[in-house]
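K.L.:
My questions will all concern the structure given below.
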Amino acid sequence: MADVKTEAEKIGEAIKHARQRAGRSQTDVATALGYHQSKLSRLENGRGTEDTRVLRAVAAELGIPLHILGLSDPAPSAAPTDDPETEDMRRRTFLAASIASLTAPPTPATAAHDDLVRALLPGPRAGSASSWNGEMQPLRDRLTTARRLFCTCDYAELEAMLPGLIADLREATGDHRNAEETAGLLATAYRTSTSLLLKQGDQGNAWLAVGRAMAEAERSGDPVVLASSVRLHAHVLTREKHTAQAVTLVRHTAGQLAGSYDRHPPRYLAAVGLLLLRGATAASRGGDRAATREFLDEAREVARYVALDQPDAWANFSPTNVAIHAVSASVSFGDAGIALNAAAPLMRRHIPAPERRAALWVEAARAYNQQGRLAEGYQALRIAETCAAQDVRRPAVRDLVADMAARDRRRTLPELHHFSRRLGVPA
């Protein structure tokens with residue numbers, strides 16, 4: 001994306017200008033740092049700037065203020081456990097988010113959408129007025145309902161429900177008797193909002209929602225809540241094509257939670273497994289076959305201990321979901337034949353979560369489109385629509401339909417063009 005390239009180029013230009021002001025050659029600086037000249041040349045051309053350790057070394061050698069390179073200054077009061085690389089990644093992510101929120105196409109405004117966005121804003125007046133009566137169990141039940149609405153792709157009802165739920169959960173955070181649990185519940189509500197906003201193509205406000213989710217996850221102290229929030233953070237990064245940062249984030253978090261899978265409960269394993277699948281998606285979108293294979297293999301290992309396949313908060317991780325992500329990865333790499341061969345047995349399998357069923361058929365449609373088999377791609381999309389009608393109307397699928405319709409220049413598939421018009425895809 002242009003915004004990613006622009007940020008990298010700015011960093012490269014800052015390095016180049018600092019070197020020239022110092023009257024030093026690329027070879028001289030690279031030698032002082034223990035690198036080859038080509039590495040510094042790549043940095044000045046805006047390539048390789050995601051490696052924060054290298055950037056810190058260059059900044060120290062050339063006297064460049066850290067914030068110029070999108071790095072965080074070391075805080076004297078930071079706890080010993082603070083990870084400079086993690087802080088750097090957060091700062092770089094924030095910078096990217098700022099640009100993304102400005103350049104993202106506007107999402108069609110509705111009253112429900114505006115209410116949701118207001119609920120995400122900080123401050124005592126954000127969101128709907130709270131109706132919380134002091135009882136925790138109703139909040140837990142409502143959150144379970146919200147998660148189920150997402151898994152069944154009832155996005156309209158979910159969008160109407162979330163503002164009030166968030167307002168009540170925020171009110172409940174004032175009750176210190178359940179502070180950690182309430183933070184975990186609120187993190188889940190913010191994550192659900194993030195997922196919904198991504199489905200709607202509203203990346204700008206998704207950044208806002210996932211930031212709130214990460215903050216509440218840290219307050220909860222629950223590794224499952226944190227892993228799930230990191231997964232959504234990686235999802236937003238991947239959507240904005242920051243795939244390298246997403247892979248690093250998933251790998252770092254999963255590395256802390258991996259191992260001894262036979263000793264953990266299903267809820268923990270499902271969170272780790274879904275995190276690994278998000279890593280596979282990010283790696284495949286970034287063209288990294290080795291990392292994709294690594295994440296999928298580890299996810300299959302976790303799935304050996306998880307036999308859950310139900311549309312609720314934690315149970316949509318299973319061997320079936322791993323297989324669907326493997327199909328998606330093959331499509332991302334352009335391996336349409338491999339993707340369709342892998343999808344064939346899944347098409348005959350019962351998949352209880354409508355969102356996952358629809359995802360399988362949409363990926364099949366992408367693969368058919370890559371092969372130019374537009375009629376079969378259209379049929380796959382119609383099946384996806386029967387699984388989850390609202391999911392097929394999200395921007396990513398509408399873009400696929402637009403591409404398929406454009407490729408049918410002779411209009412040999414009138415039903416495809418009728419379908420396109422019904423989804424509101426521009427001609």
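Chain labels run A, B, ... following the order of the structure tokens; each chain numbers its residues from 1, and ligands are numbered from 1 in the order shown.
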Within 6 Å of segment 387-404 of chain A, counting only C-alpha atoms, which residues show up once you throw out same-chain ones fewer than 2 positions away? Write them as a short mmCIF file (atom, residue, chain, number, x, y, z; two decimals) with N, CA and C atoms, in the first residue's frame, please.
P.N.:
```
data_model
loop_
_atom_site.label_atom_id
_atom_site.label_comp_id
_atom_site.auth_asym_id
_atom_site.auth_seq_id
_atom_site.Cartn_x
_atom_site.Cartn_y
_atom_site.Cartn_z
N CYS A 153 -23.36 -14.50 11.72
CA CYS A 153 -23.36 -13.44 10.71
C CYS A 153 -24.61 -12.57 10.75
N LYS A 199 -15.34 -6.56 9.02
CA LYS A 199 -16.29 -7.13 8.07
C LYS A 199 -16.94 -6.03 7.23
N GLN A 200 -17.15 -4.88 7.86
CA GLN A 200 -17.80 -3.76 7.16
C GLN A 200 -16.81 -2.95 6.33
N GLY A 201 -15.52 -3.28 6.43
CA GLY A 201 -14.52 -2.54 5.68
C GLY A 201 -14.14 -1.22 6.32
N PRO A 354 -21.93 -20.71 10.76
CA PRO A 354 -22.24 -20.17 9.43
C PRO A 354 -21.12 -19.31 8.85
N ALA A 358 -19.48 -20.07 5.25
CA ALA A 358 -19.43 -19.06 4.19
C ALA A 358 -18.00 -18.79 3.77
N ALA A 384 -22.38 -19.72 -0.56
CA ALA A 384 -21.94 -18.91 0.59
C ALA A 384 -23.09 -18.02 1.07
N GLU A 385 -23.88 -17.51 0.13
CA GLU A 385 -25.00 -16.64 0.50
C GLU A 385 -26.05 -17.40 1.29
N ALA A 406 -16.41 -8.14 -14.10
CA ALA A 406 -15.58 -7.42 -15.08
C ALA A 406 -14.88 -8.39 -16.03
N ARG A 407 -14.54 -9.57 -15.54
CA ARG A 407 -13.86 -10.55 -16.38
C ARG A 407 -14.81 -11.19 -17.38
#
```
K.L.:
Any idea what's packed within 8 Å of Leu143 of chain A, counting only C-alpha atoms, ignoring anything in its chain fewer than 3 positions away? Could you give it as an mmCIF file with C-alpha atoms, in the first residue's frame?
P.N.:
```
data_model
loop_
_atom_site.group_PDB
_atom_site.id
_atom_site.type_symbol
_atom_site.label_atom_id
_atom_site.label_comp_id
_atom_site.auth_asym_id
_atom_site.auth_seq_id
_atom_site.Cartn_x
_atom_site.Cartn_y
_atom_site.Cartn_z
ATOM 1 C CA LEU A 139 -23.401 -9.081 31.225
ATOM 2 C CA ARG A 140 -21.777 -12.466 30.630
ATOM 3 C CA ALA A 146 -23.040 -10.960 20.924
ATOM 4 C CA ARG A 147 -20.382 -13.507 20.041
ATOM 5 C CA LEU A 165 -23.330 -3.681 26.036
ATOM 6 C CA LEU A 185 -15.390 -9.060 29.243
ATOM 7 C CA THR A 188 -14.047 -9.282 24.322
ATOM 8 C CA ALA A 189 -16.745 -6.705 23.504
#
```
K.L.:
Between A:Thr292, A:Ser228, A:Thr238, A:Ser25, single out the one closest to Trp207 of chain A, counting only C-alpha atoms.
P.N.:
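Checking each candidate against Trp207 of chain A, we get A:Thr238 as the closest.
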K.L.:
At a cut-off of 8 Å, using only C-alpha atoms, what residues contact segment 242-257 of chain A? Leave out same-chain residues fewer than 4 positions from it and give the result as an MDAnalysis selection string.
P.N.:
chainID A and resid 4 50 89 227 230:231 233:235 237:238 272 275:276 278:279 282:283 285:286
K.L.:
Atom CA of Ile11 of chain A to atom CA of Gly23 of chain A: how many Å, to one decimal?
P.N.:
18.7 Å
K.L.:
Can you list every residue in segment 299-427 of chain A that DSSP puts in alpha helix (DSSP H), as a ChimeraX atom specification?
P.N.:
/A:299-303,319-332,336-347,354-370,374-387,389-392,395-407,414-422
K.L.:
How about saving the chosen residues, C-alpha atoms kept, as a PDB file, in the first residue's frame?
P.N.:
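File produced: result33.pdb:
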```
ATOM      1  CA  ALA A 299      -2.111 -24.985  14.704  1.00  0.00           C
ATOM      2  CA  ARG A 300      -2.640 -28.607  13.653  1.00  0.00           C
ATOM      3  CA  GLU A 301      -0.697 -29.691  16.723  1.00  0.00           C
ATOM      4  CA  VAL A 302      -2.948 -27.599  18.966  1.00  0.00           C
ATOM      5  CA  ALA A 303      -6.055 -28.917  17.174  1.00  0.00           C
ATOM      6  CA  PRO A 319      -9.150 -29.253  12.749  1.00  0.00           C
ATOM      7  CA  THR A 320     -11.846 -28.093  10.326  1.00  0.00           C
ATOM      8  CA  ASN A 321     -10.989 -24.431  10.858  1.00  0.00           C
ATOM      9  CA  VAL A 322      -7.294 -25.195  10.403  1.00  0.00           C
ATOM     10  CA  ALA A 323      -8.116 -26.871   7.090  1.00  0.00           C
ATOM     11  CA  ILE A 324     -10.173 -23.854   5.957  1.00  0.00           C
ATOM     12  CA  HIS A 325      -7.224 -21.573   6.688  1.00  0.00           C
ATOM     13  CA  ALA A 326      -4.947 -23.870   4.689  1.00  0.00           C
ATOM     14  CA  VAL A 327      -7.340 -23.437   1.739  1.00  0.00           C
ATOM     15  CA  SER A 328      -7.252 -19.675   2.199  1.00  0.00           C
ATOM     16  CA  ALA A 329      -3.449 -19.671   2.312  1.00  0.00           C
ATOM     17  CA  SER A 330      -3.263 -21.598  -0.960  1.00  0.00           C
ATOM     18  CA  VAL A 331      -5.566 -19.053  -2.574  1.00  0.00           C
ATOM     19  CA  SER A 332      -3.352 -16.213  -1.309  1.00  0.00           C
ATOM     20  CA  ALA A 336      -5.898 -22.410  -6.982  1.00  0.00           C
ATOM     21  CA  GLY A 337      -5.713 -26.111  -7.853  1.00  0.00           C
ATOM     22  CA  ILE A 338      -4.241 -27.009  -4.466  1.00  0.00           C
ATOM     23  CA  ALA A 339      -6.863 -24.865  -2.738  1.00  0.00           C
ATOM     24  CA  LEU A 340      -9.780 -26.542  -4.521  1.00  0.00           C
ATOM     25  CA  ASN A 341      -8.413 -30.034  -3.877  1.00  0.00           C
ATOM     26  CA  ALA A 342      -8.119 -29.192  -0.172  1.00  0.00           C
ATOM     27  CA  ALA A 343     -11.587 -27.616  -0.123  1.00  0.00           C
ATOM     28  CA  ALA A 344     -13.365 -30.577  -1.733  1.00  0.00           C
ATOM     29  CA  PRO A 345     -13.638 -32.784   1.396  1.00  0.00           C
ATOM     30  CA  LEU A 346     -14.540 -29.764   3.530  1.00  0.00           C
ATOM     31  CA  MET A 347     -17.484 -28.977   1.264  1.00  0.00           C
ATOM     32  CA  PRO A 354     -22.240 -20.168   9.428  1.00  0.00           C
ATOM     33  CA  GLU A 355     -19.386 -17.662   9.209  1.00  0.00           C
ATOM     34  CA  ARG A 356     -16.894 -20.510   8.717  1.00  0.00           C
ATOM     35  CA  ARG A 357     -19.127 -22.274   6.163  1.00  0.00           C
ATOM     36  CA  ALA A 358     -19.435 -19.060   4.191  1.00  0.00           C
ATOM     37  CA  ALA A 359     -15.671 -18.460   4.432  1.00  0.00           C
ATOM     38  CA  LEU A 360     -14.969 -21.862   2.854  1.00  0.00           C
ATOM     39  CA  TRP A 361     -17.228 -21.207  -0.146  1.00  0.00           C
ATOM     40  CA  VAL A 362     -15.933 -17.667  -0.615  1.00  0.00           C
ATOM     41  CA  GLU A 363     -12.359 -19.000  -0.724  1.00  0.00           C
ATOM     42  CA  ALA A 364     -13.493 -21.611  -3.253  1.00  0.00           C
ATOM     43  CA  ALA A 365     -14.984 -18.796  -5.341  1.00  0.00           C
ATOM     44  CA  ARG A 366     -11.651 -16.944  -5.231  1.00  0.00           C
ATOM     45  CA  ALA A 367      -9.860 -20.064  -6.403  1.00  0.00           C
ATOM     46  CA  TYR A 368     -12.330 -20.623  -9.245  1.00  0.00           C
ATOM     47  CA  ASN A 369     -11.917 -16.981 -10.238  1.00  0.00           C
ATOM     48  CA  GLN A 370      -8.130 -17.414 -10.354  1.00  0.00           C
ATOM     49  CA  LEU A 374     -16.499 -17.930 -13.430  1.00  0.00           C
ATOM     50  CA  ALA A 375     -19.630 -20.093 -13.531  1.00  0.00           C
ATOM     51  CA  GLU A 376     -18.333 -22.332 -10.749  1.00  0.00           C
ATOM     52  CA  GLY A 377     -17.149 -19.297  -8.812  1.00  0.00           C
ATOM     53  CA  TYR A 378     -20.618 -17.786  -9.059  1.00  0.00           C
ATOM     54  CA  GLN A 379     -22.207 -21.018  -7.799  1.00  0.00           C
ATOM     55  CA  ALA A 380     -19.784 -21.070  -4.865  1.00  0.00           C
ATOM     56  CA  LEU A 381     -20.811 -17.527  -3.935  1.00  0.00           C
ATOM     57  CA  ARG A 382     -24.492 -18.435  -4.092  1.00  0.00           C
ATOM     58  CA  ILE A 383     -23.833 -21.302  -1.691  1.00  0.00           C
ATOM     59  CA  ALA A 384     -21.944 -18.908   0.586  1.00  0.00           C
ATOM     60  CA  GLU A 385     -24.997 -16.640   0.505  1.00  0.00           C
ATOM     61  CA  THR A 386     -27.232 -19.458   1.713  1.00  0.00           C
ATOM     62  CA  CYS A 387     -24.825 -19.979   4.614  1.00  0.00           C
ATOM     63  CA  ALA A 389     -26.382 -13.745   3.537  1.00  0.00           C
ATOM     64  CA  GLN A 390     -25.016 -10.713   5.406  1.00  0.00           C
ATOM     65  CA  ASP A 391     -21.447 -11.999   5.205  1.00  0.00           C
ATOM     66  CA  VAL A 392     -21.586 -12.124   1.400  1.00  0.00           C
ATOM     67  CA  PRO A 395     -16.902  -5.160   0.952  1.00  0.00           C
ATOM     68  CA  ALA A 396     -14.250  -7.859   0.403  1.00  0.00           C
ATOM     69  CA  VAL A 397     -16.758 -10.231  -1.197  1.00  0.00           C
ATOM     70  CA  ARG A 398     -18.355  -7.451  -3.205  1.00  0.00           C
ATOM     71  CA  ASP A 399     -14.901  -6.642  -4.590  1.00  0.00           C
ATOM     72  CA  LEU A 400     -14.547 -10.284  -5.654  1.00  0.00           C
ATOM     73  CA  VAL A 401     -17.942 -10.191  -7.369  1.00  0.00           C
ATOM     74  CA  ALA A 402     -16.989  -6.960  -9.148  1.00  0.00           C
ATOM     75  CA  ASP A 403     -13.794  -8.578 -10.434  1.00  0.00           C
ATOM     76  CA  MET A 404     -15.647 -11.647 -11.668  1.00  0.00           C
ATOM     77  CA  ALA A 405     -18.278  -9.538 -13.422  1.00  0.00           C
ATOM     78  CA  ALA A 406     -15.578  -7.424 -15.077  1.00  0.00           C
ATOM     79  CA  ARG A 407     -13.856 -10.551 -16.381  1.00  0.00           C
ATOM     80  CA  PRO A 414     -26.216 -12.994 -16.954  1.00  0.00           C
ATOM     81  CA  GLU A 415     -26.968 -14.520 -13.556  1.00  0.00           C
ATOM     82  CA  LEU A 416     -23.556 -13.311 -12.303  1.00  0.00           C
ATOM     83  CA  HIS A 417     -24.328  -9.751 -13.386  1.00  0.00           C
ATOM     84  CA  HIS A 418     -27.781  -9.946 -11.810  1.00  0.00           C
ATOM     85  CA  PHE A 419     -26.148 -11.150  -8.592  1.00  0.00           C
ATOM     86  CA  SER A 420     -23.662  -8.290  -8.825  1.00  0.00           C
ATOM     87  CA  ARG A 421     -26.436  -5.708  -9.160  1.00  0.00           C
ATOM     88  CA  ARG A 422     -28.343  -7.282  -6.262  1.00  0.00           C
TER      89      ARG A 422
END
```
